[in-house]
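Chemist: Enclosed is the structure file upload-v1.txt (compact mmCIF, C-alpha atoms).
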```txt
# COMPACT_ATOMS: atom_id res chain seq x y z
CA MET A 1 10.18 -4.80 -4.44
CA LEU A 2 11.56 -5.36 -7.92
CA ASP A 3 12.97 -8.76 -8.86
CA VAL A 4 16.76 -8.36 -8.89
CA LYS A 5 17.01 -11.06 -11.56
CA MET A 6 14.75 -9.00 -13.82
CA VAL A 7 16.82 -5.89 -13.08
CA ARG A 8 19.99 -7.81 -13.99
CA GLU A 9 18.62 -9.40 -17.16
CA GLN A 10 16.44 -6.53 -18.47
CA PRO A 11 18.12 -3.34 -17.26
CA ASP A 12 17.05 -1.25 -20.26
CA ARG A 13 13.38 -2.17 -19.84
CA VAL A 14 13.48 -1.51 -16.10
CA ARG A 15 15.25 1.81 -16.66
CA GLU A 16 12.67 2.88 -19.25
CA ARG A 17 9.67 1.97 -17.06
CA LEU A 18 11.15 3.72 -14.03
CA ALA A 19 11.88 6.80 -16.15
CA SER A 20 8.22 6.88 -17.24
CA ARG A 21 7.29 7.77 -13.66
CA GLY A 22 9.24 11.01 -13.97
CA ALA A 23 10.75 10.87 -10.48
CA GLY A 24 14.35 10.14 -11.48
CA ASP A 25 14.43 6.68 -9.88
CA GLU A 26 16.11 5.22 -12.95
CA ALA A 27 19.31 7.00 -11.89
CA ARG A 28 19.66 4.56 -8.99
CA LEU A 29 19.65 1.53 -11.25
CA ASP A 30 23.36 1.69 -12.07
CA ASP A 31 24.16 1.55 -8.34
CA VAL A 32 21.96 -1.53 -7.96
CA LEU A 33 23.62 -3.22 -10.93
CA ALA A 34 27.11 -2.34 -9.68
CA LEU A 35 26.38 -3.78 -6.24
CA ASP A 36 24.83 -6.87 -7.82
CA GLU A 37 27.95 -7.44 -9.94
CA GLU A 38 30.16 -6.88 -6.88
CA ARG A 39 28.09 -9.40 -4.94
CA ARG A 40 28.30 -12.03 -7.68
CA ALA A 41 32.07 -11.59 -7.97
CA ALA A 42 32.46 -11.97 -4.19
CA LEU A 43 30.23 -15.06 -4.21
CA ALA A 44 32.31 -16.62 -6.99
CA GLU A 45 35.49 -15.97 -5.00
CA VAL A 46 33.95 -17.46 -1.85
CA GLU A 47 32.92 -20.61 -3.71
CA SER A 48 36.38 -20.92 -5.24
CA LEU A 49 38.04 -20.53 -1.84
CA LYS A 50 35.72 -23.09 -0.27
CA ALA A 51 36.60 -25.58 -2.99
CA GLU A 52 40.29 -24.89 -2.43
CA ARG A 53 39.83 -25.34 1.33
CA ASN A 54 38.12 -28.69 0.79
CA ARG A 55 40.92 -29.91 -1.47
CA SER A 56 43.55 -28.77 1.02
CA SER A 57 41.74 -30.48 3.89
CA LYS A 58 41.82 -33.77 2.02
CA GLU A 59 45.50 -33.31 1.22
CA ILE A 60 46.25 -32.65 4.89
CA GLY A 61 44.71 -35.99 5.77
CA ALA A 62 46.85 -37.74 3.17
CA LEU A 63 50.02 -35.98 4.35
CA MET A 64 49.29 -36.91 7.96
CA ALA A 65 48.84 -40.52 6.91
CA GLN A 66 52.22 -40.40 5.18
CA LYS A 67 53.84 -38.89 8.30
CA LYS A 68 54.71 -35.74 6.37
CA LEU A 69 53.92 -33.59 9.37
CA GLU A 70 55.81 -30.45 8.35
CA GLU A 71 54.06 -30.29 4.99
CA ALA A 72 50.73 -30.99 6.72
CA GLU A 73 51.32 -28.11 9.12
CA THR A 74 52.09 -25.78 6.21
CA ARG A 75 48.82 -26.77 4.54
CA LYS A 76 46.93 -26.25 7.81
CA GLN A 77 48.23 -22.69 7.96
CA GLN A 78 47.10 -22.17 4.37
CA VAL A 79 43.63 -23.51 5.26
CA ARG A 80 43.43 -21.12 8.23
CA GLU A 81 44.34 -18.23 5.94
CA ILE A 82 41.70 -19.34 3.42
CA GLY A 83 39.13 -19.53 6.24
CA ALA A 84 39.97 -16.01 7.34
CA ARG A 85 39.59 -14.79 3.76
CA ILE A 86 36.22 -16.54 3.47
CA ALA A 87 35.04 -14.95 6.74
CA ALA A 88 36.12 -11.51 5.50
CA LEU A 89 34.34 -12.04 2.19
CA ASP A 90 31.18 -13.22 4.00
CA ALA A 91 31.17 -9.99 6.00
CA THR A 92 31.70 -8.02 2.79
CA LEU A 93 28.84 -9.92 1.16
CA ASP A 94 26.52 -9.10 4.07
CA GLY A 95 27.30 -5.42 3.62
CA ILE A 96 26.81 -5.55 -0.15
CA GLU A 97 23.50 -7.39 0.19
CA THR A 98 22.27 -4.90 2.80
CA ARG A 99 23.11 -1.94 0.55
CA ARG A 100 21.60 -3.62 -2.52
CA HIS A 101 18.43 -4.50 -0.59
CA ASP A 102 18.13 -0.93 0.68
CA LEU A 103 18.46 0.48 -2.83
CA LEU A 104 15.93 -1.99 -4.25
CA SER A 105 13.48 -1.24 -1.43
CA ARG A 106 13.46 2.43 -2.45
CA LEU A 107 12.69 1.78 -6.12
CA PRO A 108 8.98 1.97 -7.02
CA ASN A 109 7.06 -0.64 -8.96
CA LEU A 110 7.17 -0.66 -12.75
CA PRO A 111 4.03 0.72 -14.44
CA HIS A 112 2.08 -1.86 -16.45
CA ALA A 113 2.29 -1.48 -20.23
CA SER A 114 -1.36 -0.35 -20.35
CA VAL A 115 -0.73 2.64 -18.05
CA PRO A 116 -0.74 5.90 -20.05
CA PRO A 117 2.36 8.10 -19.92
CA GLY A 118 2.07 11.36 -18.04
CA ARG A 119 3.48 13.56 -15.31
CA THR A 120 0.59 14.75 -13.12
CA ALA A 121 -3.09 14.20 -12.39
CA ASP A 122 -3.89 16.48 -15.34
CA ASP A 123 -2.67 13.65 -17.60
CA ASN A 124 -5.04 11.01 -16.17
CA PRO A 125 -7.64 9.95 -18.76
CA VAL A 126 -11.27 9.62 -17.67
CA VAL A 127 -12.33 6.03 -18.33
CA ARG A 128 -16.05 6.45 -17.64
CA GLU A 129 -18.63 8.52 -15.78
CA TRP A 130 -21.76 7.48 -13.93
CA GLY A 131 -24.82 9.64 -13.28
CA THR A 132 -25.01 13.40 -13.66
CA LYS A 133 -24.00 16.30 -11.47
CA ALA A 134 -26.68 17.22 -8.96
CA GLU A 135 -28.73 20.29 -9.90
CA PHE A 136 -30.41 22.55 -7.37
CA ALA A 137 -33.11 25.23 -7.45
CA PHE A 138 -31.14 26.98 -4.71
CA ASP A 139 -27.52 27.74 -3.99
CA PRO A 140 -26.04 24.52 -2.54
CA LEU A 141 -24.09 24.89 0.68
CA PRO A 142 -20.61 23.50 1.26
CA HIS A 143 -20.27 20.70 3.77
CA THR A 144 -18.75 23.00 6.39
CA GLU A 145 -21.98 25.03 6.62
CA LEU A 146 -24.18 21.94 6.45
CA CYS A 147 -22.20 20.32 9.27
CA GLN A 148 -22.50 23.47 11.38
CA ARG A 149 -26.24 23.96 10.81
CA LEU A 150 -27.10 20.30 11.39
CA ARG A 151 -24.48 19.84 14.13
CA LEU A 152 -22.88 16.93 12.29
CA VAL A 153 -19.24 17.84 12.91
CA ASP A 154 -17.74 20.19 15.48
CA PHE A 155 -14.62 21.42 13.71
CA GLU A 156 -13.47 23.81 16.44
CA ARG A 157 -13.67 21.29 19.25
CA GLY A 158 -12.03 18.63 17.10
CA THR A 159 -9.09 21.01 16.73
CA LYS A 160 -9.16 21.72 20.45
CA LEU A 161 -8.91 18.00 21.22
CA SER A 162 -6.14 16.99 18.80
CA GLY A 163 -5.02 19.93 16.68
CA SER A 164 -5.74 20.83 13.07
CA GLY A 165 -6.74 18.04 10.73
CA PHE A 166 -8.86 16.12 13.25
CA LEU A 167 -12.66 15.88 13.39
CA LEU A 168 -15.27 15.56 16.12
CA TYR A 169 -18.40 13.96 14.71
CA THR A 170 -21.51 14.73 16.77
CA GLY A 171 -25.15 13.65 16.87
CA TRP A 172 -26.46 12.66 13.48
CA GLY A 173 -22.99 13.16 12.02
CA ALA A 174 -21.53 10.45 14.25
CA ARG A 175 -24.46 8.16 13.45
CA LEU A 176 -24.10 8.81 9.71
CA GLU A 177 -20.39 7.99 9.82
CA ARG A 178 -21.11 4.74 11.68
CA ALA A 179 -23.96 3.88 9.29
CA LEU A 180 -21.74 4.36 6.26
CA ILE A 181 -19.09 2.02 7.69
CA GLN A 182 -21.70 -0.67 8.40
CA PHE A 183 -23.26 -0.23 4.96
CA LEU A 184 -19.88 -0.62 3.25
CA LEU A 185 -18.88 -3.72 5.21
CA ASP A 186 -22.22 -5.45 4.67
CA LEU A 187 -22.23 -4.65 0.95
CA HIS A 188 -18.77 -6.05 0.32
CA THR A 189 -19.14 -9.14 2.48
CA ARG A 190 -22.72 -10.08 1.57
CA GLU A 191 -22.80 -9.13 -2.11
CA HIS A 192 -19.18 -9.03 -3.29
CA GLY A 193 -17.74 -12.09 -1.59
CA TYR A 194 -15.17 -10.57 0.75
CA THR A 195 -14.33 -12.00 4.17
CA GLU A 196 -14.47 -9.40 6.92
CA VAL A 197 -11.44 -9.04 9.16
CA SER A 198 -10.75 -6.56 11.94
CA PRO A 199 -7.00 -5.86 12.13
CA PRO A 200 -4.95 -4.15 14.85
CA PHE A 201 -4.74 -0.40 14.41
CA ILE A 202 -1.14 -0.35 15.69
CA ILE A 203 1.27 -2.32 13.50
CA GLY A 204 4.95 -3.20 13.22
CA ARG A 205 7.57 -1.92 10.78
CA ASP A 206 7.41 -5.16 8.79
CA CYS A 207 3.81 -4.41 7.84
CA MET A 208 4.76 -0.93 6.69
CA PHE A 209 7.70 -2.26 4.69
CA GLY A 210 5.67 -5.08 3.17
CA VAL A 211 3.17 -2.78 1.46
CA GLY A 212 5.79 -0.22 0.44
CA GLN A 213 5.00 2.49 3.00
CA PHE A 214 8.54 2.20 4.39
CA PRO A 215 11.19 3.35 3.90
CA LYS A 216 9.97 5.96 1.39
CA PHE A 217 7.04 7.40 3.37
CA GLU A 218 8.32 7.06 6.92
CA ASP A 219 8.04 10.85 7.37
CA GLN A 220 4.26 10.58 6.90
CA ALA A 221 3.69 7.98 9.63
CA TYR A 222 2.66 8.34 13.26
CA ALA A 223 5.16 6.39 15.39
CA VAL A 224 4.04 4.99 18.75
CA ARG A 225 5.98 5.15 22.01
CA GLU A 226 5.15 2.70 24.78
CA GLY A 227 4.74 4.76 27.93
CA GLU A 228 7.99 6.53 28.73
CA ASP A 229 10.18 3.97 26.95
CA ASN A 230 11.95 6.01 24.26
CA GLY A 231 13.60 2.82 23.04
CA SER A 232 10.23 1.55 21.85
CA LEU A 233 9.68 4.53 19.53
CA GLY A 234 9.74 3.42 15.90
CA LYS A 235 8.83 -0.22 16.53
CA LEU A 236 5.07 0.29 16.19
CA TYR A 237 3.00 2.71 14.12
CA LEU A 238 -0.58 3.86 13.76
CA LEU A 239 -1.78 2.32 10.53
CA PRO A 240 -2.07 4.66 7.51
CA THR A 241 -4.63 2.32 5.91
CA ALA A 242 -5.98 -1.16 6.65
CA GLU A 243 -4.02 -2.30 3.60
CA ALA A 244 -0.87 -2.33 5.74
CA PRO A 245 -1.95 -5.03 8.23
CA VAL A 246 -4.46 -6.91 6.05
CA ALA A 247 -2.16 -7.41 3.03
CA ASN A 248 0.44 -8.73 5.51
CA ILE A 249 -1.84 -11.34 7.10
CA HIS A 250 -0.08 -14.11 5.16
CA ARG A 251 3.41 -12.60 5.24
CA ASP A 252 6.18 -15.26 5.29
CA GLU A 253 3.66 -17.96 4.37
CA ILE A 254 3.40 -20.44 1.50
CA LEU A 255 -0.28 -20.82 0.64
CA ALA A 256 -1.92 -23.63 -1.27
CA GLU A 257 -3.11 -22.66 -4.73
CA ALA A 258 -6.57 -23.87 -3.73
CA ASP A 259 -6.66 -21.08 -1.11
CA LEU A 260 -6.70 -18.45 -3.85
CA PRO A 261 -8.25 -16.05 -4.51
CA ILE A 262 -8.33 -14.52 -1.04
CA ARG A 263 -10.57 -11.47 -0.59
CA TYR A 264 -10.59 -9.46 2.64
CA ALA A 265 -12.62 -6.42 3.67
CA ALA A 266 -11.65 -4.41 6.74
CA TYR A 267 -12.70 -1.22 8.45
CA SER A 268 -10.12 0.94 10.17
CA PRO A 269 -9.41 4.53 11.03
CA CYS A 270 -6.46 5.79 9.00
CA PHE A 271 -3.73 8.02 10.42
CA ARG A 272 -1.51 10.08 8.12
CA ALA A 273 0.86 12.78 9.25
CA GLU A 274 1.41 13.86 5.62
CA ALA A 275 4.28 16.19 6.46
CA GLY A 276 4.03 19.39 4.47
CA ALA A 277 0.76 18.40 2.80
CA ALA A 278 -1.06 21.37 1.35
CA GLY A 279 -4.49 21.92 2.86
CA VAL A 280 -3.99 20.32 6.27
CA GLY A 281 -5.07 22.80 8.87
CA THR A 282 -7.77 24.43 6.75
CA ARG A 283 -11.35 24.17 7.93
CA GLY A 284 -13.25 21.22 6.56
CA MET A 285 -13.09 17.50 5.90
CA ILE A 286 -11.26 17.25 2.57
CA ARG A 287 -7.76 16.62 3.95
CA VAL A 288 -7.43 15.39 7.52
CA HIS A 289 -4.93 13.44 9.61
CA GLN A 290 -7.48 10.82 10.71
CA PHE A 291 -10.30 9.39 8.62
CA ASP A 292 -12.31 6.17 8.37
CA LYS A 293 -12.07 3.72 5.50
CA VAL A 294 -13.22 0.29 4.45
CA GLU A 295 -10.35 -1.36 2.59
CA LEU A 296 -10.53 -4.25 0.12
CA ILE A 297 -7.58 -6.61 -0.35
CA LYS A 298 -7.16 -9.42 -2.87
CA ILE A 299 -4.45 -12.08 -3.13
CA VAL A 300 -4.74 -13.83 -6.49
CA ARG A 301 -2.87 -15.85 -9.07
CA PRO A 302 -0.83 -13.65 -11.45
CA GLU A 303 -2.86 -14.64 -14.50
CA GLU A 304 -6.01 -13.38 -12.75
CA GLY A 305 -4.56 -10.11 -11.44
CA TYR A 306 -5.95 -7.71 -13.99
CA ASP A 307 -9.40 -9.32 -14.28
CA GLU A 308 -9.61 -9.06 -10.49
CA LEU A 309 -8.58 -5.40 -10.66
CA GLU A 310 -11.56 -4.59 -12.90
CA LYS A 311 -13.86 -6.44 -10.49
CA LEU A 312 -12.35 -4.56 -7.56
CA VAL A 313 -13.08 -1.22 -9.23
CA ALA A 314 -16.64 -2.36 -9.96
CA ASN A 315 -17.11 -3.26 -6.27
CA ALA A 316 -16.08 0.24 -5.22
CA GLU A 317 -18.21 1.85 -7.94
CA ARG A 318 -21.26 -0.01 -6.67
CA VAL A 319 -21.01 1.94 -3.41
CA LEU A 320 -21.33 5.26 -5.20
CA GLN A 321 -24.10 4.03 -7.46
CA LEU A 322 -26.22 2.83 -4.53
CA LEU A 323 -25.74 6.18 -2.79
CA GLY A 324 -26.81 8.08 -5.92
CA LEU A 325 -23.53 9.97 -6.29
CA HIS A 326 -22.17 11.17 -9.62
CA TYR A 327 -18.58 10.04 -10.13
CA ARG A 328 -15.93 9.42 -12.72
CA ALA A 329 -13.30 6.67 -12.98
CA VAL A 330 -9.85 7.78 -14.05
CA LEU A 331 -6.80 5.71 -14.98
CA LEU A 332 -3.71 7.11 -13.32
CA CYS A 333 -0.81 7.96 -15.60
CA THR A 334 2.74 6.78 -14.97
CA GLY A 335 3.72 9.93 -13.08
CA ASP A 336 0.72 9.95 -10.74
CA MET A 337 0.70 6.34 -9.53
CA GLY A 338 1.49 5.22 -6.03
CA PHE A 339 4.88 3.76 -5.11
CA ALA A 340 3.80 0.09 -5.01
CA SER A 341 1.26 0.12 -7.82
CA ALA A 342 1.61 -1.28 -11.33
CA LYS A 343 -1.81 0.04 -12.41
CA THR A 344 -4.34 2.18 -10.56
CA TYR A 345 -7.86 3.46 -11.11
CA ASP A 346 -9.19 6.33 -8.99
CA LEU A 347 -12.87 6.97 -8.38
CA GLU A 348 -13.65 10.65 -8.01
CA VAL A 349 -17.06 11.66 -6.68
CA TRP A 350 -18.67 15.02 -7.45
CA ALA A 351 -19.11 17.32 -4.45
CA PRO A 352 -21.43 20.16 -5.54
CA GLY A 353 -20.72 22.32 -2.50
CA GLN A 354 -17.03 22.22 -3.42
CA GLY A 355 -17.61 22.46 -7.15
CA GLN A 356 -15.01 19.73 -7.70
CA TYR A 357 -14.38 16.01 -7.81
CA LEU A 358 -13.00 14.31 -4.71
CA GLU A 359 -11.06 11.05 -4.76
CA VAL A 360 -12.84 8.49 -2.59
CA SER A 361 -11.31 5.26 -3.89
CA SER A 362 -8.00 4.17 -5.32
CA CYS A 363 -7.86 0.61 -6.69
CA SER A 364 -4.49 -0.89 -7.59
CA ASN A 365 -2.82 -4.06 -8.74
CA CYS A 366 0.65 -4.18 -7.20
CA GLU A 367 1.43 -7.42 -9.07
CA ASP A 368 4.13 -9.33 -7.12
CA PHE A 369 5.85 -6.16 -5.82
CA GLN A 370 4.41 -6.40 -2.30
CA ALA A 371 4.43 -10.20 -2.19
CA ARG A 372 8.20 -10.18 -2.76
CA ARG A 373 8.71 -7.63 0.04
CA MET A 374 6.72 -9.78 2.49
CA ALA A 375 7.87 -13.23 1.23
CA LEU A 376 4.29 -14.31 0.49
CA ARG A 377 4.05 -17.23 -1.93
CA TYR A 378 1.74 -20.02 -2.99
CA LYS A 379 2.56 -23.51 -4.24
CA ASN A 380 1.17 -24.13 -7.70
CA SER A 381 0.02 -27.43 -9.23
CA GLU A 382 3.58 -28.15 -10.37
CA GLY A 383 4.89 -27.82 -6.82
CA ARG A 384 6.67 -24.54 -7.57
CA ASN A 385 6.50 -21.57 -5.21
CA VAL A 386 4.97 -18.57 -6.99
CA LEU A 387 4.54 -14.95 -5.92
CA PRO A 388 0.86 -13.93 -6.12
CA HIS A 389 -0.53 -10.59 -7.22
CA ILE A 390 -1.77 -8.41 -4.35
CA LEU A 391 -4.50 -5.85 -5.01
CA ASN A 392 -5.89 -3.14 -2.79
CA GLY A 393 -8.78 -0.73 -3.08
CA SER A 394 -10.75 1.73 -1.00
CA GLY A 395 -14.24 0.48 -0.72
CA THR A 396 -14.60 3.42 0.01
CA ALA A 397 -12.89 6.16 2.06
CA LEU A 398 -14.52 8.64 4.38
CA ALA A 399 -14.64 11.61 5.15
CA ARG A 400 -14.81 12.67 1.49
CA LEU A 401 -17.67 10.25 0.87
CA PHE A 402 -19.44 11.92 3.81
CA VAL A 403 -18.83 15.32 2.18
CA ALA A 404 -20.15 14.26 -1.23
CA LEU A 405 -23.18 12.57 0.32
CA ILE A 406 -24.44 15.51 2.36
CA GLU A 407 -23.62 18.07 -0.34
CA THR A 408 -25.35 16.03 -3.09
CA HIS A 409 -28.48 15.17 -1.11
CA GLN A 410 -29.05 18.52 0.63
CA GLN A 411 -32.55 19.97 0.35
CA ALA A 412 -33.90 23.51 0.10
CA ASP A 413 -35.09 23.43 3.72
CA GLY A 414 -31.57 22.64 4.94
CA SER A 415 -32.20 18.93 5.50
CA ILE A 416 -30.24 15.99 4.09
CA ARG A 417 -32.12 13.27 2.22
CA ILE A 418 -30.70 9.81 3.00
CA PRO A 419 -30.42 7.39 0.05
CA GLU A 420 -32.72 4.41 0.43
CA PRO A 421 -29.99 1.72 0.71
CA LEU A 422 -28.47 3.62 3.66
CA GLN A 423 -31.73 4.23 5.54
CA PRO A 424 -31.84 0.87 7.41
CA PHE A 425 -28.35 1.52 8.78
CA LEU A 426 -29.13 5.07 9.91
CA GLY A 427 -32.72 4.54 10.99
CA THR A 428 -34.11 7.57 9.16
CA ASP A 429 -34.73 8.85 5.65
CA VAL A 430 -33.80 12.44 6.39
CA ILE A 431 -31.60 14.48 8.70
CA ARG A 432 -33.37 17.72 9.57
CA PRO A 433 -32.14 21.01 11.03
```
I need this file expressed as C-alpha cells, please.

Modeler:
Amino acid sequence: MLDVKMVREQPDRVRERLASRGAGDEARLDDVLALDEERRAALAEVESLKAERNRSSKEIGALMAQKKLEEAETRKQQVREIGARIAALDATLDGIETRRHDLLSRLPNLPHASVPPGRTADDNPVVREWGTKAEFAFDPLPHTELCQRLRLVDFERGTKLSGSGFLLYTGWGARLERALIQFLLDLHTREHGYTEVSPPFIIGRDCMFGVGQFPKFEDQAYAVREGEDNGSLGKLYLLPTAEAPVANIHRDEILAEADLPIRYAAYSPCFRAEAGAAGVGTRGMIRVHQFDKVELIKIVRPEEGYDELEKLVANAERVLQLLGLHYRAVLLCTGDMGFASAKTYDLEVWAPGQGQYLEVSSCSNCEDFQARRMALRYKNSEGRNVLPHILNGSGTALARLFVALIETHQQADGSIRIPEPLQPFLGTDVIRP
C-alpha cells in the first residue's frame, strides 16, 4: 500500500507514476487527498474540543469549590454536549479512515524510476538471452503429443476429474513433475542460501490482502467453504502462489535488523480461477487453473532491495541454465507490471514445440508496498522501526517449465533426454516411448 504521507506531500509525483501504468489509477488520487484533508480537519476539531472539555472540567471543579452550583451545572451540560460532538466526530473519523484505507488499498505500487515506460508486453525490453534455440533434424512435436505418446499427462481424464484447466500427471510424467520440484528446492536451499518452508495451502484473507491479491483480484481466487457452513465462505482461500503465505510469515512483527536478510523457498500447488482468462479450457499445459511452483521470498533492508533483486533473478536463471533451456530475461514496462511490484524481470523460456517463449519466472521487488499492508517492520540500529523491502520470484513455475523441458530435449525416436543435473532426482537419463 502507498504511504499516505508520500501521497499527501508529493501528489504530482505519485499521480505521474500511477499514470505511467496506463490503467487510470491516478484518477482516484483526488478522492484519497480529499478524504485525507477531511480526516485531518476532523482530527483538528476533535483535538480542539478535547482541549475545551479539559478546560471546562477544571472550571467546573473551581465553580463547585466556590459553591457556584448553577454555573457549574451549566458548564457540565456544555461538557456533555462537547462529549457528544467528540463521539460523533470519532464515528465520522472511523468512516473517513475506512474509505481512505479502501481507496489506498486499491492503488497499485509506483513503478521504480528505472522501469521503462510502456503499455503492453510488446514494450518490454529484452535484457539478455542465454543459450540458443534448440535445432532438430526432424519436426519437433508439441508437448500435447509428447505427453500422449509417452503417457506423461492424461488431459481428458484430468478434465473429467475437475473440469477444464486441470491436469492428471501419470507414470513418468508424475515422476518428472516430482523430480523437478525436488531439484528446485535442493538447488535454492543448498546452493543459493534459502531456508525451506512448507506453508499451508489454505490461507486467510489477511494473507491475500498483505501481498496485494485482495481486494483487486478477488474474482480470480478460489474461496473455501467449511462443510455446509455458508457463513465460512470467504474466510479462507486456496493459495494462488506460495508468496501469499510465505511473505506473510512475519506479518504484524517487528524484526531485529540482525535477522535480515531473510530468504525463504517454498513449494506449493497454485490455484487460480483467472475469470475470463483467454486460453483456459484449451488442450494443453500452457494456462491451467492448478500448477506447481517453487517460490522464493526475500525480506531485506531497503538499501539492499535492488541488489537482492538482481541476485534473485540470477537464482531463477540458474535453474534454466542447468536444465539446458534457452531463455531470455525481459524487464517489464510500466504498463505490464503486477499490482504490487515496483520493478519486475520475467524469464521466458523457449518452447520449440510451441514456437514461442513461455514465462516461467517473474521476479519482483515490491519495496515497502507489501510490508506496509501487513505491518511488517524491523528495528534499525538507531532504534527506529523501518519497513523492509519484500521481494518475490518464481524459482521456477511448472507446468510451463515441464513443457519447455520435454519439447527442448525430445529425440528423433520419440524419447525425452533428461538433463544431467535432473537425472539423480528422476532416476533415469531418458524417458522412452

Chemist: Report as lines of an AutoDock Vina configuration file the centre and the edge lengths, in Å to one decimal, of the axis-aligned box holding every listed atom of region 309-317 of chain A, padded by 4 Å on each side.

Modeler:
```
center_x = -13.4
center_y = -2.3
center_z = -9.1
size_x = 17.6
size_y = 16.3
size_z = 15.7
```

Chemist: In Å, rounded to a single decimal, give me how far CA of Asn392 (chain A) is from CA of Ile418 (chain A).

Modeler: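 Straight-line distance from CA of Ile418 (chain A) to CA of Asn392 (chain A) works out to 28.6 Å.
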
Chemist: Return as a tab-separated table the residues of region 150-252 of chain A lying at most 10 Å from region 1-19 of chain A, together with the closest atom-to-atom pair for each and the distance in Å to one decimal, counting all atoms listed in the file, with rows in chain order and ascending residue number.

Modeler:
```
residue	atom	partner	partner_atom	distance
A:Phe209	CA	A:Met1	CA	9.8
A:Gly210	CA	A:Met1	CA	8.9
A:Val211	CA	A:Met1	CA	9.4
A:Gly212	CA	A:Met1	CA	8.0
```

Chemist: Residues of the last selection are to be written out with C-alpha atoms, as a PDB file, in the frame of the given file.

Modeler:
```pdb
ATOM      1  CA  PHE A 209       7.700  -2.260   4.690  1.00  0.00           C
ATOM      2  CA  GLY A 210       5.670  -5.080   3.170  1.00  0.00           C
ATOM      3  CA  VAL A 211       3.170  -2.780   1.460  1.00  0.00           C
ATOM      4  CA  GLY A 212       5.790  -0.220   0.440  1.00  0.00           C
TER       5      GLY A 212
END
```

Chemist: Which value, in Å to one decimal, gives the distance between CA of Pro215 (chain A) and CA of Ser105 (chain A)?

Modeler: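 Distance reported for this atom pair: 7.4 Å.
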
Chemist: Between CA of Ala242 (chain A) and CA of Ser198 (chain A), what is the spacing in Å?

Modeler: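 We find that CA of Ser198 (chain A) and CA of Ala242 (chain A) lie 8.9 Å from each other.
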
Chemist: Taking all atoms listed in the file into account, which of A:Arg400, A:Arg432, A:Arg328, A:Arg377 comes nearest His143 (chain A)?

Modeler: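 Between A:Arg400, A:Arg432, A:Arg328, A:Arg377, the residue approaching His143 (chain A) most closely is A:Arg400.
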
Chemist: Using all atoms listed in the file for the distances, tell me which of A:Arg372, A:His326, A:Arg175, A:Arg225 is nearest to Thr428 (chain A).

Modeler: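 Looking at the shortest contact to Thr428 (chain A), the residue is A:Arg175.
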
Chemist: Please provide the set of residues having any atom within 10 Å of Ser20 (chain A), restricted to all atoms listed in the file, with same-chain residues fewer than 6 positions apart removed, written as a PyMOL selection string.

Modeler: chain A and resi 14+26+110-111+115-119+333-335

Chemist: Counting all atoms listed in the file, what is within 8 Å of Thr170 (chain A), bar same-chain residues fewer than 4 positions away, as a VMD selection string?

Modeler: chain A and resid 151 to 154 174 to 175

Chemist: Which residues are close to Phe155 (chain A), i.e. within 7 Å by only C-alpha atoms, leaving aside same-chain residues fewer than 3 positions away? Reply as a list in words.

Modeler: Gly158, Thr159, Leu167 and Leu168 of chain A
